[in-house]
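> My file is run-v2.txt. It has compact mmCIF, N, CA and C atoms:
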# COMPACT_ATOMS: atom_id res chain seq x y z
N LEU A 3 17.15 -7.00 0.57
CA LEU A 3 16.99 -8.29 -0.08
C LEU A 3 15.52 -8.57 -0.37
N LEU A 4 14.66 -8.32 0.64
CA LEU A 4 13.24 -8.56 0.44
C LEU A 4 12.68 -7.63 -0.63
N ALA A 5 13.10 -6.37 -0.61
CA ALA A 5 12.63 -5.43 -1.63
C ALA A 5 13.07 -5.89 -3.02
N ASP A 6 14.29 -6.38 -3.13
CA ASP A 6 14.78 -6.90 -4.41
C ASP A 6 13.92 -8.07 -4.87
N CYS A 7 13.58 -8.94 -3.94
CA CYS A 7 12.77 -10.11 -4.28
C CYS A 7 11.37 -9.72 -4.70
N ILE A 8 10.75 -8.82 -3.94
CA ILE A 8 9.35 -8.49 -4.19
C ILE A 8 9.20 -7.55 -5.38
N TYR A 9 9.91 -6.45 -5.36
CA TYR A 9 9.63 -5.41 -6.33
C TYR A 9 10.33 -5.59 -7.66
N LYS A 10 11.42 -6.30 -7.69
CA LYS A 10 12.07 -6.58 -8.97
C LYS A 10 11.66 -7.94 -9.50
N GLY A 11 11.06 -8.77 -8.64
CA GLY A 11 10.61 -10.08 -9.09
C GLY A 11 11.72 -11.07 -9.33
N ARG A 12 12.85 -10.83 -8.71
CA ARG A 12 13.99 -11.73 -8.92
C ARG A 12 14.63 -12.05 -7.58
N GLY A 13 15.24 -13.20 -7.51
CA GLY A 13 16.01 -13.55 -6.32
C GLY A 13 17.39 -12.94 -6.42
N THR A 14 18.10 -12.94 -5.35
CA THR A 14 19.46 -12.41 -5.39
C THR A 14 20.38 -13.45 -6.00
N ARG A 15 21.45 -13.01 -6.53
CA ARG A 15 22.37 -13.94 -7.20
C ARG A 15 23.12 -14.81 -6.19
N THR A 16 23.25 -14.33 -4.98
CA THR A 16 24.03 -15.08 -4.01
C THR A 16 23.24 -16.22 -3.38
N ASN A 17 21.94 -16.05 -3.19
CA ASN A 17 21.19 -17.07 -2.49
C ASN A 17 19.74 -17.09 -2.96
N ARG A 18 19.46 -17.82 -4.00
CA ARG A 18 18.11 -17.89 -4.57
C ARG A 18 17.14 -18.62 -3.63
N ALA A 19 17.61 -19.61 -2.89
CA ALA A 19 16.74 -20.33 -1.96
C ALA A 19 16.24 -19.40 -0.86
N GLU A 20 17.11 -18.53 -0.36
CA GLU A 20 16.70 -17.55 0.65
C GLU A 20 15.69 -16.57 0.06
N ALA A 21 15.88 -16.19 -1.19
CA ALA A 21 14.94 -15.29 -1.84
C ALA A 21 13.57 -15.95 -1.96
N ARG A 22 13.53 -17.22 -2.35
CA ARG A 22 12.24 -17.93 -2.44
C ARG A 22 11.55 -18.01 -1.09
N ARG A 23 12.33 -18.25 -0.04
CA ARG A 23 11.75 -18.31 1.31
C ARG A 23 11.12 -16.96 1.67
N MET A 24 11.80 -15.87 1.34
CA MET A 24 11.25 -14.54 1.64
C MET A 24 10.02 -14.25 0.79
N TRP A 25 10.05 -14.67 -0.48
CA TRP A 25 8.86 -14.50 -1.33
C TRP A 25 7.68 -15.23 -0.70
N LYS A 26 7.92 -16.47 -0.23
CA LYS A 26 6.84 -17.26 0.34
C LYS A 26 6.28 -16.62 1.60
N GLU A 27 7.15 -16.09 2.44
CA GLU A 27 6.68 -15.41 3.65
C GLU A 27 5.83 -14.19 3.28
N ALA A 28 6.31 -13.41 2.33
CA ALA A 28 5.56 -12.22 1.92
C ALA A 28 4.25 -12.63 1.24
N ALA A 29 4.27 -13.68 0.44
CA ALA A 29 3.06 -14.16 -0.24
C ALA A 29 2.03 -14.66 0.76
N ASP A 30 2.49 -15.34 1.79
CA ASP A 30 1.57 -15.83 2.82
C ASP A 30 0.89 -14.69 3.57
N SER A 31 1.55 -13.54 3.63
CA SER A 31 0.96 -12.40 4.31
C SER A 31 0.05 -11.60 3.38
N GLY A 32 -0.08 -12.03 2.11
CA GLY A 32 -1.00 -11.37 1.18
C GLY A 32 -0.35 -10.44 0.18
N GLU A 33 0.95 -10.41 0.11
CA GLU A 33 1.66 -9.55 -0.84
C GLU A 33 1.44 -10.06 -2.27
N ILE A 34 0.80 -9.28 -3.08
CA ILE A 34 0.42 -9.69 -4.42
C ILE A 34 1.64 -9.88 -5.32
N LEU A 35 2.57 -8.95 -5.28
CA LEU A 35 3.74 -9.05 -6.15
C LEU A 35 4.59 -10.27 -5.80
N SER A 36 4.58 -10.68 -4.54
CA SER A 36 5.31 -11.89 -4.17
C SER A 36 4.67 -13.12 -4.79
N ASN A 37 3.34 -13.17 -4.80
CA ASN A 37 2.66 -14.28 -5.45
C ASN A 37 2.98 -14.33 -6.93
N ILE A 38 3.00 -13.17 -7.57
CA ILE A 38 3.33 -13.11 -8.99
C ILE A 38 4.77 -13.57 -9.21
N ALA A 39 5.68 -13.09 -8.36
CA ALA A 39 7.09 -13.48 -8.48
C ALA A 39 7.28 -14.98 -8.28
N LEU A 40 6.58 -15.54 -7.30
CA LEU A 40 6.67 -16.99 -7.08
C LEU A 40 6.09 -17.75 -8.26
N GLY A 41 4.99 -17.27 -8.82
CA GLY A 41 4.41 -17.91 -10.00
C GLY A 41 5.36 -17.86 -11.18
N ASP A 42 5.99 -16.70 -11.39
CA ASP A 42 6.96 -16.57 -12.47
C ASP A 42 8.15 -17.51 -12.27
N ASP A 43 8.59 -17.60 -11.01
CA ASP A 43 9.72 -18.48 -10.70
C ASP A 43 9.36 -19.94 -10.98
N CYS A 44 8.16 -20.35 -10.56
CA CYS A 44 7.72 -21.74 -10.82
C CYS A 44 7.57 -22.00 -12.31
N ALA A 45 7.00 -21.03 -13.03
CA ALA A 45 6.82 -21.20 -14.48
C ALA A 45 8.17 -21.31 -15.18
N ALA A 46 9.15 -20.54 -14.74
CA ALA A 46 10.48 -20.60 -15.33
C ALA A 46 11.14 -21.96 -15.09
N ARG A 47 10.80 -22.59 -13.96
CA ARG A 47 11.35 -23.91 -13.65
C ARG A 47 10.51 -25.03 -14.25
N GLY A 48 9.41 -24.69 -14.94
CA GLY A 48 8.59 -25.70 -15.60
C GLY A 48 7.48 -26.27 -14.74
N ASP A 49 7.26 -25.72 -13.56
CA ASP A 49 6.21 -26.19 -12.67
C ASP A 49 4.96 -25.33 -12.86
N ASN A 50 4.26 -25.55 -13.98
CA ASN A 50 3.12 -24.71 -14.34
C ASN A 50 1.95 -24.87 -13.39
N GLY A 51 1.76 -26.04 -12.82
CA GLY A 51 0.67 -26.25 -11.87
C GLY A 51 0.83 -25.38 -10.63
N ARG A 52 2.02 -25.35 -10.09
CA ARG A 52 2.27 -24.52 -8.90
C ARG A 52 2.23 -23.03 -9.27
N ALA A 53 2.73 -22.69 -10.47
CA ALA A 53 2.67 -21.31 -10.92
C ALA A 53 1.22 -20.83 -10.98
N LEU A 54 0.36 -21.68 -11.50
CA LEU A 54 -1.06 -21.34 -11.59
C LEU A 54 -1.67 -21.10 -10.21
N LEU A 55 -1.27 -21.89 -9.23
CA LEU A 55 -1.78 -21.69 -7.87
C LEU A 55 -1.37 -20.32 -7.33
N TYR A 56 -0.12 -19.93 -7.56
CA TYR A 56 0.32 -18.61 -7.09
C TYR A 56 -0.39 -17.48 -7.83
N TYR A 57 -0.60 -17.65 -9.15
CA TYR A 57 -1.30 -16.62 -9.91
C TYR A 57 -2.75 -16.50 -9.45
N ARG A 58 -3.39 -17.62 -9.16
CA ARG A 58 -4.77 -17.58 -8.65
C ARG A 58 -4.82 -16.88 -7.30
N ARG A 59 -3.85 -17.16 -6.45
CA ARG A 59 -3.81 -16.52 -5.14
C ARG A 59 -3.60 -15.01 -5.31
N ALA A 60 -2.74 -14.62 -6.24
CA ALA A 60 -2.52 -13.20 -6.50
C ALA A 60 -3.80 -12.54 -6.99
N ARG A 61 -4.54 -13.25 -7.84
CA ARG A 61 -5.79 -12.70 -8.36
C ARG A 61 -6.81 -12.53 -7.24
N THR A 62 -6.89 -13.49 -6.35
CA THR A 62 -7.81 -13.40 -5.21
C THR A 62 -7.44 -12.22 -4.32
N ASN A 63 -6.16 -12.06 -4.03
CA ASN A 63 -5.71 -10.94 -3.19
C ASN A 63 -5.91 -9.60 -3.88
N ALA A 64 -5.70 -9.55 -5.19
CA ALA A 64 -5.84 -8.30 -5.93
C ALA A 64 -7.31 -7.89 -6.05
N ALA A 65 -8.22 -8.83 -6.00
CA ALA A 65 -9.64 -8.50 -6.11
C ALA A 65 -10.11 -7.64 -4.94
N HIS A 66 -9.47 -7.79 -3.80
CA HIS A 66 -9.87 -7.01 -2.63
C HIS A 66 -9.34 -5.59 -2.65
N MET A 67 -8.31 -5.36 -3.43
CA MET A 67 -7.75 -4.02 -3.53
C MET A 67 -7.30 -3.74 -4.96
N PRO A 68 -8.27 -3.50 -5.85
CA PRO A 68 -7.90 -3.26 -7.25
C PRO A 68 -6.99 -2.03 -7.36
N ASP A 69 -5.93 -2.22 -8.09
CA ASP A 69 -4.94 -1.17 -8.23
C ASP A 69 -4.28 -1.35 -9.59
N ILE A 70 -3.94 -0.26 -10.20
CA ILE A 70 -3.31 -0.30 -11.52
C ILE A 70 -1.94 -0.98 -11.43
N GLU A 71 -1.35 -1.01 -10.25
CA GLU A 71 -0.05 -1.66 -10.08
C GLU A 71 -0.15 -3.17 -10.21
N TYR A 72 -1.20 -3.76 -9.66
CA TYR A 72 -1.30 -5.21 -9.59
C TYR A 72 -2.18 -5.83 -10.67
N THR A 73 -3.31 -5.22 -10.92
CA THR A 73 -4.33 -5.84 -11.76
C THR A 73 -3.83 -6.26 -13.14
N PRO A 74 -3.12 -5.40 -13.90
CA PRO A 74 -2.68 -5.85 -15.23
C PRO A 74 -1.74 -7.05 -15.19
N GLN A 75 -0.83 -7.07 -14.24
CA GLN A 75 0.11 -8.20 -14.15
C GLN A 75 -0.63 -9.49 -13.82
N VAL A 76 -1.55 -9.41 -12.90
CA VAL A 76 -2.31 -10.60 -12.52
C VAL A 76 -3.14 -11.09 -13.70
N CYS A 77 -3.82 -10.17 -14.39
CA CYS A 77 -4.63 -10.55 -15.55
C CYS A 77 -3.78 -11.21 -16.63
N LEU A 78 -2.62 -10.65 -16.89
CA LEU A 78 -1.74 -11.21 -17.92
C LEU A 78 -1.28 -12.61 -17.55
N ARG A 79 -0.82 -12.79 -16.33
CA ARG A 79 -0.31 -14.10 -15.93
C ARG A 79 -1.41 -15.16 -15.90
N VAL A 80 -2.59 -14.81 -15.43
CA VAL A 80 -3.68 -15.79 -15.42
C VAL A 80 -4.06 -16.14 -16.86
N ALA A 81 -4.10 -15.15 -17.73
CA ALA A 81 -4.42 -15.42 -19.14
C ALA A 81 -3.38 -16.32 -19.77
N GLN A 82 -2.13 -16.14 -19.40
CA GLN A 82 -1.06 -16.96 -19.99
C GLN A 82 -1.08 -18.39 -19.48
N THR A 83 -1.48 -18.60 -18.26
CA THR A 83 -1.35 -19.94 -17.69
C THR A 83 -2.65 -20.73 -17.65
N GLU A 84 -3.74 -20.10 -17.25
CA GLU A 84 -4.96 -20.85 -17.01
C GLU A 84 -5.94 -20.77 -18.17
N THR A 85 -6.51 -19.63 -18.38
CA THR A 85 -7.61 -19.52 -19.33
C THR A 85 -7.15 -19.62 -20.78
N ARG A 86 -5.90 -19.44 -21.01
CA ARG A 86 -5.39 -19.55 -22.38
C ARG A 86 -5.67 -20.93 -22.96
N TYR A 87 -5.69 -21.93 -22.10
CA TYR A 87 -5.88 -23.29 -22.56
C TYR A 87 -7.31 -23.78 -22.38
N THR A 88 -8.09 -23.10 -21.58
CA THR A 88 -9.46 -23.56 -21.34
C THR A 88 -10.49 -22.72 -22.07
N SER A 89 -10.25 -21.43 -22.21
CA SER A 89 -11.21 -20.56 -22.88
C SER A 89 -10.49 -19.37 -23.52
N ARG A 90 -10.50 -19.31 -24.83
CA ARG A 90 -9.87 -18.19 -25.52
C ARG A 90 -10.59 -16.89 -25.23
N LYS A 91 -11.92 -16.94 -25.06
CA LYS A 91 -12.68 -15.72 -24.78
C LYS A 91 -12.25 -15.11 -23.45
N LYS A 92 -12.13 -15.94 -22.43
CA LYS A 92 -11.70 -15.43 -21.13
C LYS A 92 -10.28 -14.91 -21.20
N ALA A 93 -9.44 -15.63 -21.90
CA ALA A 93 -8.04 -15.20 -22.03
C ALA A 93 -7.95 -13.86 -22.76
N LEU A 94 -8.74 -13.70 -23.82
CA LEU A 94 -8.75 -12.44 -24.55
C LEU A 94 -9.25 -11.30 -23.67
N ALA A 95 -10.28 -11.54 -22.88
CA ALA A 95 -10.80 -10.51 -21.99
C ALA A 95 -9.77 -10.10 -20.95
N LEU A 96 -9.10 -11.08 -20.37
CA LEU A 96 -8.07 -10.77 -19.37
C LEU A 96 -6.87 -10.06 -20.01
N ALA A 97 -6.48 -10.50 -21.19
CA ALA A 97 -5.35 -9.87 -21.87
C ALA A 97 -5.69 -8.43 -22.28
N ALA A 98 -6.94 -8.20 -22.71
CA ALA A 98 -7.36 -6.84 -23.06
C ALA A 98 -7.35 -5.94 -21.83
N GLU A 99 -7.80 -6.47 -20.70
CA GLU A 99 -7.76 -5.69 -19.46
C GLU A 99 -6.32 -5.38 -19.06
N ALA A 100 -5.44 -6.36 -19.22
CA ALA A 100 -4.03 -6.13 -18.91
C ALA A 100 -3.43 -5.08 -19.84
N LYS A 101 -3.76 -5.15 -21.12
CA LYS A 101 -3.23 -4.18 -22.08
C LYS A 101 -3.65 -2.76 -21.72
N GLN A 102 -4.90 -2.62 -21.33
CA GLN A 102 -5.41 -1.31 -20.95
C GLN A 102 -4.64 -0.76 -19.73
N GLY A 103 -4.42 -1.61 -18.74
CA GLY A 103 -3.69 -1.18 -17.55
C GLY A 103 -2.24 -0.83 -17.86
N PHE A 104 -1.60 -1.64 -18.69
CA PHE A 104 -0.19 -1.34 -19.03
C PHE A 104 -0.08 -0.09 -19.90
N ALA A 105 -1.09 0.17 -20.73
CA ALA A 105 -1.08 1.39 -21.54
C ALA A 105 -1.17 2.63 -20.65
N ILE A 106 -1.98 2.54 -19.61
CA ILE A 106 -2.06 3.65 -18.65
C ILE A 106 -0.72 3.84 -17.95
N ARG A 107 -0.12 2.74 -17.54
CA ARG A 107 1.18 2.84 -16.87
C ARG A 107 2.25 3.38 -17.82
N ALA A 108 2.15 3.03 -19.11
CA ALA A 108 3.13 3.54 -20.09
C ALA A 108 2.96 5.05 -20.27
N ARG A 109 1.72 5.52 -20.29
CA ARG A 109 1.47 6.97 -20.40
C ARG A 109 2.02 7.72 -19.18
N GLU A 110 2.07 7.03 -18.04
CA GLU A 110 2.61 7.64 -16.83
C GLU A 110 4.13 7.47 -16.75
N ASN A 111 4.73 6.93 -17.82
CA ASN A 111 6.18 6.76 -17.93
C ASN A 111 6.77 5.86 -16.86
N GLU A 112 6.07 4.81 -16.51
CA GLU A 112 6.64 3.84 -15.58
C GLU A 112 7.66 2.99 -16.31
N PRO A 113 8.76 2.64 -15.67
CA PRO A 113 9.88 2.01 -16.37
C PRO A 113 9.60 0.65 -17.01
N ASP A 114 8.86 -0.22 -16.37
CA ASP A 114 8.64 -1.57 -16.91
C ASP A 114 7.38 -1.68 -17.77
N ALA A 115 6.65 -0.61 -17.92
CA ALA A 115 5.36 -0.67 -18.62
C ALA A 115 5.51 -1.11 -20.07
N ALA A 116 6.52 -0.63 -20.76
CA ALA A 116 6.71 -0.97 -22.18
C ALA A 116 6.98 -2.47 -22.35
N GLN A 117 7.77 -3.03 -21.45
CA GLN A 117 8.08 -4.46 -21.51
C GLN A 117 6.81 -5.29 -21.27
N TRP A 118 6.02 -4.92 -20.25
CA TRP A 118 4.78 -5.63 -19.97
C TRP A 118 3.79 -5.49 -21.12
N LEU A 119 3.73 -4.29 -21.70
CA LEU A 119 2.82 -4.05 -22.82
C LEU A 119 3.20 -4.90 -24.03
N ALA A 120 4.50 -5.03 -24.30
CA ALA A 120 4.96 -5.87 -25.41
C ALA A 120 4.60 -7.33 -25.18
N GLU A 121 4.75 -7.80 -23.94
CA GLU A 121 4.39 -9.18 -23.62
C GLU A 121 2.88 -9.42 -23.79
N THR A 122 2.10 -8.43 -23.42
CA THR A 122 0.64 -8.53 -23.58
C THR A 122 0.26 -8.53 -25.05
N GLU A 123 0.90 -7.68 -25.83
CA GLU A 123 0.64 -7.63 -27.28
C GLU A 123 0.94 -8.98 -27.93
N GLN A 124 2.04 -9.59 -27.51
CA GLN A 124 2.41 -10.90 -28.06
C GLN A 124 1.35 -11.94 -27.74
N LEU A 125 0.86 -11.93 -26.50
CA LEU A 125 -0.20 -12.86 -26.12
C LEU A 125 -1.47 -12.62 -26.93
N LEU A 126 -1.83 -11.36 -27.12
CA LEU A 126 -3.02 -11.05 -27.90
C LEU A 126 -2.88 -11.52 -29.35
N GLN A 127 -1.69 -11.38 -29.91
CA GLN A 127 -1.46 -11.86 -31.28
C GLN A 127 -1.60 -13.38 -31.35
N GLU A 128 -1.08 -14.07 -30.35
CA GLU A 128 -1.20 -15.53 -30.33
C GLU A 128 -2.66 -15.95 -30.21
N LEU A 129 -3.40 -15.24 -29.37
CA LEU A 129 -4.80 -15.62 -29.14
C LEU A 129 -5.71 -15.28 -30.30
N THR A 130 -5.37 -14.23 -31.06
CA THR A 130 -6.22 -13.84 -32.18
C THR A 130 -5.78 -14.46 -33.50
N ALA A 131 -4.66 -15.14 -33.52
CA ALA A 131 -4.21 -15.81 -34.74
C ALA A 131 -5.17 -16.95 -35.07
N PRO A 132 -5.41 -17.18 -36.36
CA PRO A 132 -6.30 -18.28 -36.71
C PRO A 132 -5.75 -19.61 -36.22
N GLN A 133 -6.62 -20.40 -35.66
CA GLN A 133 -6.20 -21.70 -35.15
C GLN A 133 -6.10 -22.69 -36.29
N PRO A 134 -5.06 -23.54 -36.28
CA PRO A 134 -4.96 -24.55 -37.32
C PRO A 134 -6.10 -25.56 -37.19
N ALA A 135 -6.52 -26.04 -38.32
CA ALA A 135 -7.60 -27.03 -38.31
C ALA A 135 -7.12 -28.31 -37.66
N ALA A 136 -7.99 -28.90 -36.90
CA ALA A 136 -7.63 -30.16 -36.23
C ALA A 136 -7.50 -31.26 -37.28
N PRO A 137 -6.48 -32.09 -37.17
CA PRO A 137 -6.33 -33.17 -38.14
C PRO A 137 -7.48 -34.17 -38.00
N ALA A 138 -7.86 -34.72 -39.11
CA ALA A 138 -8.93 -35.71 -39.10
C ALA A 138 -8.46 -36.97 -38.38
N ALA A 139 -9.42 -37.69 -37.86
CA ALA A 139 -9.08 -38.93 -37.16
C ALA A 139 -8.46 -39.94 -38.12
N TYR A 140 -8.84 -39.86 -39.36
CA TYR A 140 -8.27 -40.74 -40.38
C TYR A 140 -8.30 -40.01 -41.71
N ASP A 141 -7.49 -40.45 -42.62
CA ASP A 141 -7.38 -39.83 -43.93
C ASP A 141 -8.23 -40.62 -44.92
N MET A 142 -9.24 -39.97 -45.46
CA MET A 142 -10.17 -40.66 -46.37
C MET A 142 -9.47 -41.13 -47.65
N GLU A 143 -8.48 -40.39 -48.12
CA GLU A 143 -7.82 -40.75 -49.36
C GLU A 143 -6.93 -41.98 -49.20
N SER A 144 -6.46 -42.21 -47.99
CA SER A 144 -5.58 -43.36 -47.81
C SER A 144 -6.35 -44.67 -47.55
N LEU A 145 -7.63 -44.56 -47.37
CA LEU A 145 -8.42 -45.78 -47.18
C LEU A 145 -8.53 -46.52 -48.49
N GLN A 146 -8.23 -47.79 -48.46
CA GLN A 146 -8.37 -48.62 -49.66
C GLN A 146 -9.46 -49.62 -49.43
N LEU A 147 -10.38 -49.61 -50.34
CA LEU A 147 -11.48 -50.56 -50.23
C LEU A 147 -11.21 -51.75 -51.16
N ASP A 148 -11.44 -52.94 -50.69
CA ASP A 148 -11.24 -54.14 -51.53
C ASP A 148 -12.48 -54.47 -52.31
Could you render the structure as C-alpha cells?

Amino acid sequence: LLADCIYKGRGTRTNRAEARRMWKEAADSGEILSNIALGDDCAARGDNGRALLYYRRARTNAAHMPDIEYTPQVCLRVAQTETRYTSRKKALALAAEAKQGFAIRARENEPDAAQWLAETEQLLQELTAPQPAAPAAYDMESLQLD
C-alpha cells in the first residue's frame, strides 16, 4: 500500500484517507516522492497553497540529494505552482531543467518519462506564448467631452 502511494503517486481505491496518512508519514521522514504526491493530491482538490508547501518541501529535500529521479519532477511542479505566477524567467529556467531531466529519463526508456516530458512541453509552450496586452484602465474612445 505504501509503495503504491509513494511510487505511483496515487492512493488506493479502497481507502484514500489511509493513503494520505501514509504519504504524510513518509513525507515527514523526508521522502521526496511523497511530498510530490501530497502536493499533486492537494492541487487536484484545489488547495494550491498547501500544494505549494509540499512542493517547496520536496525541493528542499531534493537539494540535499540531487538525483535524476526527483529533480525534474520537483522543478516542474514548482514551476507550475509558484514561479509561474511570480516570475516567468524563473519558471522557464525550472521548466527547462525539468525538460532536460525528463529527456534523459526518456532516453533510458523509463515508463513515465514520455508523459512527464509532454507535461513539461505544454508548460513551456504556455510560458513562451505571447502574453495578451493588459486592458487599459479606461477606453479613450468612449470618453465624451462636453
> Could you please determine the separation between atom C of A:Lys91 and atom N of A:Gly48 in Å, to one decimal place?
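Spanning atom C of A:Lys91 to atom N of A:Gly48 is a straight-line distance of 25.2 Å.
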> When you draw a straight line from atom CA of A:Asp43 to atom CA of A:Tyr57, how long is it in Å?
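So the answer is 11.2 Å.
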> Please list as a list in words every residue within 7 Å of stretch 59-65 of chain A, counting only N, CA and C atoms and excluding residues in the same chain fewer than 2 positions away.
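Once the adjacent positions are removed, what remains is Gly32, Glu33, Ile34, Leu35, Asn37, Ile38, Leu54, Leu55, Tyr56, Tyr57, Met67, Pro68, Asp69, Tyr72, Thr73, Val76 and Cys77 of chain A.
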> One number please: atom CA of A:Ala53 to atom CA of A:Leu40, in Å, one decimal.
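These atoms are spaced 7.0 Å apart.
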> As lines of an AutoDock Vina configuration file, please report the centre and edge lengths, rounded to one decimal in Å, of the axis-aligned box that holds all listed atoms of stretch 93-102 of chain A with 3 Å of padding on each of the six sides.

center_x = -7.0
center_y = -8.2
center_z = -21.7
size_x = 13.6
size_y = 20.9
size_z = 11.6
> Using all atoms listed in the file, which of the listed residues (A:Lys26, A:Ala98, A:Lys92, A:Phe104) sits closest to A:Leu126?
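The closest residue to A:Leu126 is A:Ala98.
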